[in-house]
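Participant: What follows is a single structure, and I will ask about it in a moment.
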Amino acid sequence: MLVDHQPDLLDDNNRKAAIEFIIRRTCWSLSPSSCHHVVPLLERLISNENCKLITHLSISSTVEPTTTTSSNIHRTQVAIIGTEPAGSVLGALLSQSGIDSIVLERHSRSYVESNIRAGLLEQATVDVLDDIGVGERLFQNDFIQRNIHVQFDGERITFPLSELTHGRVATTYGQQFVLQDLIDQRIKSGRRLWFDIESVEIERHDAADDSSGPLIRFTRCGNSNEECILCDFIAGCDGVLSPCCRRSVPPNILHTIERVYPFAWLSLLVEAPPSTKELIYSANIIYGFALQSIRPPRSTRFHLQVSLNDTLADWPDERIWNELKRRLKPNNLSWTLNEGPILERALFPIRASVTTPMQYKRLFFAGDAVHILPPTGAKGLNTAVKDVQSNAANWMNGHRTKHNINIAQGCREPALDSFIVNSSDPCFIQTSYNNSEQVMSEFGQFSGGGFAGDENCRQGFSDPRQGFETCAFNSLSAALDPFLARSTRYITCPNSIQLVNKLKTKGQFQNTFLMLVFISDVYHYRCCAHNFECGWPYYSEELWLATWNNGLCASMHAASQVTALVGPNNGIQVTIVEENEYPFDDTIHFHFQIIETNTI
Ligand SMILES: Cc1cc2nc3c(=O)[nH]c(=O)nc-3n(C[C@H](O)[C@H](O)[C@H](O)COP(=O)(O)OP(=O)(O)OC[C@H]3O[C@@H](n4cnc5c(N)ncnc54)[C@H](O)[C@@H]3O)c2cc1C
């Protein structure tokens, strides 16, 4: 029995022999009572440098079948509880950073993949889904919301959402489809995701940093054998009221702020195409609020404001349709409400709540586990994705990808951590330097700490002019000075004046679709949308910069003229005329005119 070896295994001198013993043996017989002693022991061994090869240990009953429990112990870095948007997106983001995870879900796969709930994805959510590689099917659907209709007592106002937000749109794509894509990707890549999980119990999540990590016990549906996960961190993505994870935090630590509204929503899923292919928010001073949202391909979701005391029996179909018609119909417009079978109906008391903290020692929370928003806001899924995106990136160990934005973040996030969150630890600042050094040694193209690239940094595309014409970051200085960030982090597209409506053919862009072209589809602008407006203003704004010692710095080059007060007490007025033939000639001429201000 392994338990018999315990004293030797804990002795440092015999550790090597013990590890060899463990590696040779993958099966042990354990009595239920000894299992508790052995688990911490295995953890210590697994975390040992020499034992990295062991990623999965199974312990099974082979000797005493009548008295022992068959059990499995699994090892991972992050155990995620819940596989809806927060848990699934977190799993994908962690895997992108090379961090192993196991996702546990109490429902079946078919339930999760068919549960119709959220449907409206904000642009930031679409960008994250695209970044983690599940954007393909999403981009094929054409339910893009460029406008939102807001109606007061029948007066409809259309807000050009896309126009007002520099081309950003909302995309209608059901939560069930998002989950299908994420689950499919995870299972195909062999990452662990287990459905039909029961009796999840969390232990040791409050352990000190230098002790054994958290442990999760669970069983699988139809099998009473207990299994364990040993992990470094637990992500509580278990949804509304966090039925599993939140009760593992002492009640005096948790603080919930809640707003309960004096009405309820009647939420309806109807099998009928939407009457208007965009969202309608309608407030009627007498009858109340109504919302029409879209659930492609064939359904419409409606929300009706109803009394808190109402029950479903108070709302027969006829009353529902009459109420929807009078609340949603616009004045002076011919408009017909499409009716159809009501597939789902539910009454929700309306409340919004936020619970803090989002982290308790080694247990982190995300999504509905810590904040609930009324479904009419269409924010829950989007906020869940934002939570995990903000908290999952590993900026402490190099750059997650060679994507330019990530590289800039790789310098900025640790530095910010140092300034704002954790100013006592110099390792954050050092990480910013390390990350900057890493990218500069591979891709640094021009003096002053800048690097440039198109979508991703690429070897072989090192002409600084090409770089500056696409995207350029002066990441380290921007990372270390919050005030510099806006101006120097992202200097883009100075040559946007040359944009044409054609695919660039000389490999300027890694993306194979149209980039930097003026045609009216937001996906061709993507995250660089703001560049089109900002390229020239940023470029001219950054040509000449004031230095800390009252000097002037020609940070980028273009034919230009600058007049500024410089020197001690700003006592000298200088005018500099810069002449160059960029990009056809590398020579730059500066002509100076200097006047002492007290002689002006
Ligand atoms: C009718 C309706 C319409 C909505 N419309 C929108 C919209 O248009 N846009 C929008 O952004 N949001 C919308 N929302 C909100 C959105 O659906 C939620 O905010 C979102 O699902 C939250 O995701 P989550 O991953 O945090 O939690 P959840 O989706 O609640 O997922 C939690 C998961 O954890 C699992 N779990 C719980 N306990 C355990 C346990 N002990 N062991 C294992 N697994 C466990 C649950 O089974 C569940 O799968 C809507 C919600 C509803 C109800």
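Ligands are numbered from 1 in the order shown, residues from 1 within each chain, and chains are lettered A, B, ... in the order they appear in the structure tokens.
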Within 6 Å of ligand 1, counting only C-alpha atoms and all ligand atoms, which protein or nucleic acid residues do you find, written as an MDAnalysis selection string?
Facilitator: chainID A and resid 81:87 104:107 117:120 197 200 237:240 243:244 367:369 375 378:382 384
Participant: Save the residues we just selected, N, CA, C and O atoms, as a CSV table (one decimal), in the first residue's frame?
Facilitator:
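Below you can see result38.csv, which holds the result:
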```csv
chain,number,residue,atom,x,y,z
A,81,ILE,N,-15.8,25.6,-12.9
A,81,ILE,CA,-17.1,25.0,-12.6
A,81,ILE,C,-18.2,25.8,-13.4
A,81,ILE,O,-18.4,27.0,-13.1
A,82,GLY,N,-18.8,25.1,-14.3
A,82,GLY,CA,-19.9,25.7,-15.2
A,82,GLY,C,-19.3,25.9,-16.6
A,82,GLY,O,-18.2,26.4,-16.8
A,83,THR,N,-20.1,25.5,-17.5
A,83,THR,CA,-19.6,25.6,-18.9
A,83,THR,C,-20.5,26.5,-19.8
A,83,THR,O,-20.4,26.4,-21.0
A,84,GLU,N,-21.2,27.4,-19.2
A,84,GLU,CA,-21.9,28.4,-20.1
A,84,GLU,C,-20.9,29.4,-20.5
A,84,GLU,O,-19.7,29.2,-20.4
A,85,PRO,N,-21.3,30.6,-21.0
A,85,PRO,CA,-20.3,31.5,-21.6
A,85,PRO,C,-19.1,31.8,-20.7
A,85,PRO,O,-18.0,31.7,-21.2
A,86,ALA,N,-19.3,32.1,-19.4
A,86,ALA,CA,-18.1,32.4,-18.6
A,86,ALA,C,-17.1,31.3,-18.6
A,86,ALA,O,-15.9,31.5,-18.9
A,87,GLY,N,-17.6,30.1,-18.3
A,87,GLY,CA,-16.7,28.9,-18.1
A,87,GLY,C,-16.0,28.5,-19.4
A,87,GLY,O,-14.8,28.2,-19.5
A,104,LEU,N,-16.1,21.5,-15.5
A,104,LEU,CA,-17.2,20.6,-14.9
A,104,LEU,C,-18.5,21.2,-15.2
A,104,LEU,O,-18.7,22.4,-14.8
A,105,GLU,N,-19.5,20.5,-15.7
A,105,GLU,CA,-20.8,21.0,-15.9
A,105,GLU,C,-21.9,20.0,-15.4
A,105,GLU,O,-21.8,18.8,-15.7
A,106,ARG,N,-22.8,20.5,-14.7
A,106,ARG,CA,-23.8,19.6,-14.1
A,106,ARG,C,-24.9,19.2,-15.1
A,106,ARG,O,-25.5,18.1,-14.9
A,107,HIS,N,-25.1,20.0,-16.1
A,107,HIS,CA,-26.1,19.6,-17.1
A,107,HIS,C,-25.5,18.7,-18.2
A,107,HIS,O,-24.3,18.6,-18.3
A,117,ARG,N,-31.2,31.2,-24.5
A,117,ARG,CA,-31.2,32.3,-23.5
A,117,ARG,C,-30.8,33.6,-24.2
A,117,ARG,O,-31.5,34.2,-25.0
A,118,ALA,N,-29.5,34.0,-24.0
A,118,ALA,CA,-29.1,35.3,-24.6
A,118,ALA,C,-29.0,35.1,-26.1
A,118,ALA,O,-28.9,34.0,-26.7
A,119,GLY,N,-29.0,36.3,-26.8
A,119,GLY,CA,-28.9,36.2,-28.2
A,119,GLY,C,-28.2,37.4,-28.9
A,119,GLY,O,-27.9,37.4,-30.0
A,120,LEU,N,-27.9,38.4,-28.1
A,120,LEU,CA,-27.4,39.7,-28.6
A,120,LEU,C,-25.9,39.8,-28.2
A,120,LEU,O,-25.6,40.0,-27.0
A,197,ILE,N,-22.1,16.3,-14.2
A,197,ILE,CA,-21.3,16.2,-13.0
A,197,ILE,C,-22.2,16.5,-11.8
A,197,ILE,O,-23.0,17.4,-11.9
A,200,VAL,N,-20.6,18.5,-6.5
A,200,VAL,CA,-19.3,19.1,-6.5
A,200,VAL,C,-19.1,19.8,-5.1
A,200,VAL,O,-19.9,20.5,-4.6
A,237,CYS,N,-17.7,29.7,-12.3
A,237,CYS,CA,-18.5,30.2,-13.4
A,237,CYS,C,-19.9,29.5,-13.3
A,237,CYS,O,-20.4,29.1,-14.3
A,238,ASP,N,-20.4,29.4,-12.1
A,238,ASP,CA,-21.6,28.5,-11.9
A,238,ASP,C,-22.9,29.3,-11.9
A,238,ASP,O,-23.9,28.8,-11.4
A,239,GLY,N,-22.9,30.5,-12.4
A,239,GLY,CA,-24.1,31.2,-12.8
A,239,GLY,C,-24.9,31.8,-11.6
A,239,GLY,O,-24.3,32.0,-10.5
A,240,VAL,N,-26.1,32.1,-11.8
A,240,VAL,CA,-27.0,32.9,-10.9
A,240,VAL,C,-26.9,32.3,-9.5
A,240,VAL,O,-27.1,31.1,-9.2
A,243,PRO,N,-24.5,28.6,-7.1
A,243,PRO,CA,-25.0,27.6,-6.1
A,243,PRO,C,-23.9,26.8,-5.5
A,243,PRO,O,-24.0,26.3,-4.4
A,244,CYS,N,-22.8,26.6,-6.2
A,244,CYS,CA,-21.7,25.8,-5.7
A,244,CYS,C,-20.6,26.6,-5.1
A,244,CYS,O,-20.3,26.4,-3.9
A,367,GLY,N,-19.0,36.2,-14.4
A,367,GLY,CA,-20.3,36.1,-15.0
A,367,GLY,C,-21.4,36.2,-14.0
A,367,GLY,O,-21.3,36.9,-13.0
A,368,ASP,N,-22.5,35.5,-14.2
A,368,ASP,CA,-23.7,35.6,-13.4
A,368,ASP,C,-23.4,35.2,-11.9
A,368,ASP,O,-24.2,35.5,-11.0
A,369,ALA,N,-22.4,34.5,-11.7
A,369,ALA,CA,-22.0,34.2,-10.3
A,369,ALA,C,-21.8,35.4,-9.5
A,369,ALA,O,-22.0,35.3,-8.2
A,375,PRO,N,-32.6,40.8,-18.1
A,375,PRO,CA,-32.4,40.3,-19.4
A,375,PRO,C,-32.6,41.4,-20.5
A,375,PRO,O,-32.1,41.3,-21.6
A,378,ALA,N,-29.7,42.9,-22.1
A,378,ALA,CA,-28.8,42.1,-23.0
A,378,ALA,C,-27.4,42.2,-22.7
A,378,ALA,O,-26.5,42.4,-23.5
A,379,LYS,N,-27.1,42.2,-21.4
A,379,LYS,CA,-25.7,42.4,-21.0
A,379,LYS,C,-25.0,41.2,-20.3
A,379,LYS,O,-23.8,41.1,-20.3
A,380,GLY,N,-25.8,40.2,-19.8
A,380,GLY,CA,-25.3,39.1,-19.0
A,380,GLY,C,-24.2,38.3,-19.7
A,380,GLY,O,-23.1,38.2,-19.1
A,381,LEU,N,-24.5,37.8,-20.9
A,381,LEU,CA,-23.5,37.0,-21.6
A,381,LEU,C,-22.3,37.9,-21.9
A,381,LEU,O,-21.1,37.5,-21.7
A,382,ASN,N,-22.5,39.1,-22.4
A,382,ASN,CA,-21.4,40.0,-22.8
A,382,ASN,C,-20.6,40.3,-21.6
A,382,ASN,O,-19.3,40.4,-21.7
A,384,ALA,N,-20.2,38.5,-18.9
A,384,ALA,CA,-19.5,37.3,-18.5
A,384,ALA,C,-18.2,37.1,-19.3
A,384,ALA,O,-17.1,36.8,-18.8
```
Participant: Excluding Asn549 of chain A and any residue of its chain fewer than 6 positions from it, enumerate the residues within 9 Å of it, using only C-alpha atoms, and give them as a VMD selection string.
Facilitator: chain A and resid 566 to 568
Participant: Enumerate, in order of chain and increasing residue number, the residues of segment 129-226 of chain A with an atom no farther than 12 Å from segment 276-289 of chain A, each with its shortest atom pair and distance in Å to one decimal, counting only C-alpha atoms, as a tab-separated table.
Facilitator:
```
residue	atom	partner	partner_atom	distance
A:Asp142	CA	A:Lys277	CA	10.8
A:Phe143	CA	A:Lys277	CA	7.9
A:Ile144	CA	A:Glu278	CA	8.4
A:Gln145	CA	A:Glu278	CA	5.8
A:Arg146	CA	A:Glu278	CA	7.9
A:Asn147	CA	A:Glu278	CA	6.6
A:Ile148	CA	A:Leu279	CA	5.3
A:His149	CA	A:Ile280	CA	4.7
A:Val150	CA	A:Tyr281	CA	4.8
A:Gln151	CA	A:Ser282	CA	4.4
A:Phe152	CA	A:Ala283	CA	5.1
A:Asp153	CA	A:Asn284	CA	4.6
A:Gly154	CA	A:Asn284	CA	7.3
A:Glu155	CA	A:Ser282	CA	9.0
A:Arg156	CA	A:Ser282	CA	8.2
A:Ile157	CA	A:Ile280	CA	9.7
A:Thr158	CA	A:Ile280	CA	9.1
A:Phe159	CA	A:Leu279	CA	10.5
A:Pro160	CA	A:Glu278	CA	11.1
A:Leu161	CA	A:Glu278	CA	10.9
A:Val169	CA	A:Glu278	CA	11.4
A:Ala170	CA	A:Glu278	CA	9.8
A:Thr171	CA	A:Glu278	CA	10.2
A:Thr172	CA	A:Glu278	CA	9.3
```
Participant: How would the residues just picked look written out with N, CA, C and O atoms as a CSV table (one decimal), in the first residue's frame?
Facilitator:
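Below you can see again02.csv, which holds the result:
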```csv
chain,number,residue,atom,x,y,z
A,142,ASP,N,-26.1,36.6,-40.9
A,142,ASP,CA,-26.2,38.0,-41.3
A,142,ASP,C,-27.1,38.8,-40.5
A,142,ASP,O,-27.7,39.8,-40.9
A,143,PHE,N,-27.3,38.4,-39.2
A,143,PHE,CA,-28.2,39.1,-38.3
A,143,PHE,C,-27.4,40.2,-37.6
A,143,PHE,O,-27.2,40.1,-36.4
A,144,ILE,N,-27.0,41.2,-38.3
A,144,ILE,CA,-26.2,42.2,-37.7
A,144,ILE,C,-27.1,43.4,-37.4
A,144,ILE,O,-27.9,43.8,-38.2
A,145,GLN,N,-27.0,43.9,-36.2
A,145,GLN,CA,-27.8,45.1,-35.8
A,145,GLN,C,-27.0,46.4,-35.9
A,145,GLN,O,-26.1,46.6,-35.1
A,146,ARG,N,-27.3,47.1,-36.9
A,146,ARG,CA,-26.6,48.4,-37.1
A,146,ARG,C,-27.4,49.6,-36.5
A,146,ARG,O,-26.9,50.6,-36.3
A,147,ASN,N,-28.7,49.3,-36.2
A,147,ASN,CA,-29.5,50.3,-35.6
A,147,ASN,C,-30.3,49.8,-34.4
A,147,ASN,O,-30.5,48.6,-34.3
A,148,ILE,N,-30.7,50.7,-33.5
A,148,ILE,CA,-31.6,50.3,-32.5
A,148,ILE,C,-32.8,51.2,-32.5
A,148,ILE,O,-32.6,52.4,-32.6
A,149,HIS,N,-34.0,50.7,-32.3
A,149,HIS,CA,-35.2,51.5,-32.3
A,149,HIS,C,-35.7,51.8,-30.9
A,149,HIS,O,-35.9,50.8,-30.1
A,150,VAL,N,-35.8,53.0,-30.5
A,150,VAL,CA,-36.3,53.3,-29.2
A,150,VAL,C,-37.6,54.1,-29.3
A,150,VAL,O,-37.7,55.0,-30.2
A,151,GLN,N,-38.6,53.7,-28.6
A,151,GLN,CA,-39.9,54.2,-28.8
A,151,GLN,C,-40.6,54.7,-27.5
A,151,GLN,O,-40.5,54.0,-26.5
A,152,PHE,N,-41.1,56.0,-27.5
A,152,PHE,CA,-41.7,56.5,-26.4
A,152,PHE,C,-43.2,56.8,-26.8
A,152,PHE,O,-43.4,57.7,-27.7
A,153,ASP,N,-44.1,56.2,-26.1
A,153,ASP,CA,-45.5,56.4,-26.4
A,153,ASP,C,-45.8,56.4,-28.0
A,153,ASP,O,-46.5,57.3,-28.5
A,154,GLY,N,-45.2,55.4,-28.6
A,154,GLY,CA,-45.5,55.3,-30.1
A,154,GLY,C,-44.5,56.1,-31.0
A,154,GLY,O,-44.5,55.8,-32.2
A,155,GLU,N,-43.8,57.0,-30.4
A,155,GLU,CA,-42.9,57.8,-31.3
A,155,GLU,C,-41.6,57.1,-31.4
A,155,GLU,O,-40.8,56.9,-30.4
A,156,ARG,N,-41.3,56.6,-32.6
A,156,ARG,CA,-40.1,55.7,-32.8
A,156,ARG,C,-38.9,56.5,-33.2
A,156,ARG,O,-39.0,57.3,-34.2
A,157,ILE,N,-37.8,56.4,-32.5
A,157,ILE,CA,-36.5,57.1,-32.9
A,157,ILE,C,-35.5,56.0,-33.2
A,157,ILE,O,-35.4,55.0,-32.4
A,158,THR,N,-34.9,56.1,-34.4
A,158,THR,CA,-33.9,55.1,-34.7
A,158,THR,C,-32.5,55.6,-34.5
A,158,THR,O,-32.1,56.7,-35.0
A,159,PHE,N,-31.8,54.9,-33.6
A,159,PHE,CA,-30.4,55.3,-33.3
A,159,PHE,C,-29.4,54.5,-34.3
A,159,PHE,O,-29.4,53.3,-34.3
A,160,PRO,N,-28.6,55.2,-35.1
A,160,PRO,CA,-27.7,54.5,-35.9
A,160,PRO,C,-26.5,54.1,-35.1
A,160,PRO,O,-25.4,54.7,-35.1
A,161,LEU,N,-26.7,52.9,-34.4
A,161,LEU,CA,-25.7,52.4,-33.5
A,161,LEU,C,-24.3,52.3,-34.1
A,161,LEU,O,-23.3,52.8,-33.6
A,169,VAL,N,-21.0,47.0,-34.2
A,169,VAL,CA,-22.4,46.5,-34.4
A,169,VAL,C,-22.7,45.6,-33.3
A,169,VAL,O,-21.8,45.1,-32.6
A,170,ALA,N,-24.0,45.3,-33.1
A,170,ALA,CA,-24.4,44.1,-32.3
A,170,ALA,C,-24.8,43.0,-33.2
A,170,ALA,O,-25.3,43.2,-34.3
A,171,THR,N,-24.4,41.8,-32.8
A,171,THR,CA,-24.7,40.6,-33.7
A,171,THR,C,-25.7,39.7,-33.0
A,171,THR,O,-25.5,39.4,-31.8
A,172,THR,N,-26.7,39.3,-33.7
A,172,THR,CA,-27.7,38.4,-33.1
A,172,THR,C,-27.3,37.0,-33.4
A,172,THR,O,-27.3,36.5,-34.5
```
Participant: Check the DSSP output for the backbone and give back, as a list of chain:residue names, the residues of segment 110-183 of chain A in strand (DSSP E).
Facilitator: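 Answer for segment 110-183 of chain A, restricted to strand (DSSP E): A:Leu120, A:Leu121, A:Ile144, A:Gln145, A:Ile148, A:His149, A:Val150, A:Gln151, A:Phe152, A:Glu155, A:Arg156, A:Ile157, A:Thr158, A:Phe159, A:Ala170, A:Thr171, A:Thr172.
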Participant: Measuring atom to atom with only C-alpha atoms, identify which of A:Thr356, A:Ser88, A:Ser108, A:Thr431 is nearest to Asn252 of chain A.
Facilitator: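 When distances to Asn252 of chain A are compared using only C-alpha atoms, the smallest one comes from A:Thr356.
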Participant: Can you list, as an MDAnalysis selection string, every protein, DNA or RNA residue that comes within 8 Å of Phe592 of chain A when you count only C-alpha atoms, leaving out same-chain residues fewer than 6 positions away?
Facilitator: chainID A and resid 574:577
Participant: Any idea what the distance is between atom CA of Arg412 of chain A and atom CA of Ser432 of chain A?
Facilitator: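 Distance reported for this atom pair: 6.7 Å.
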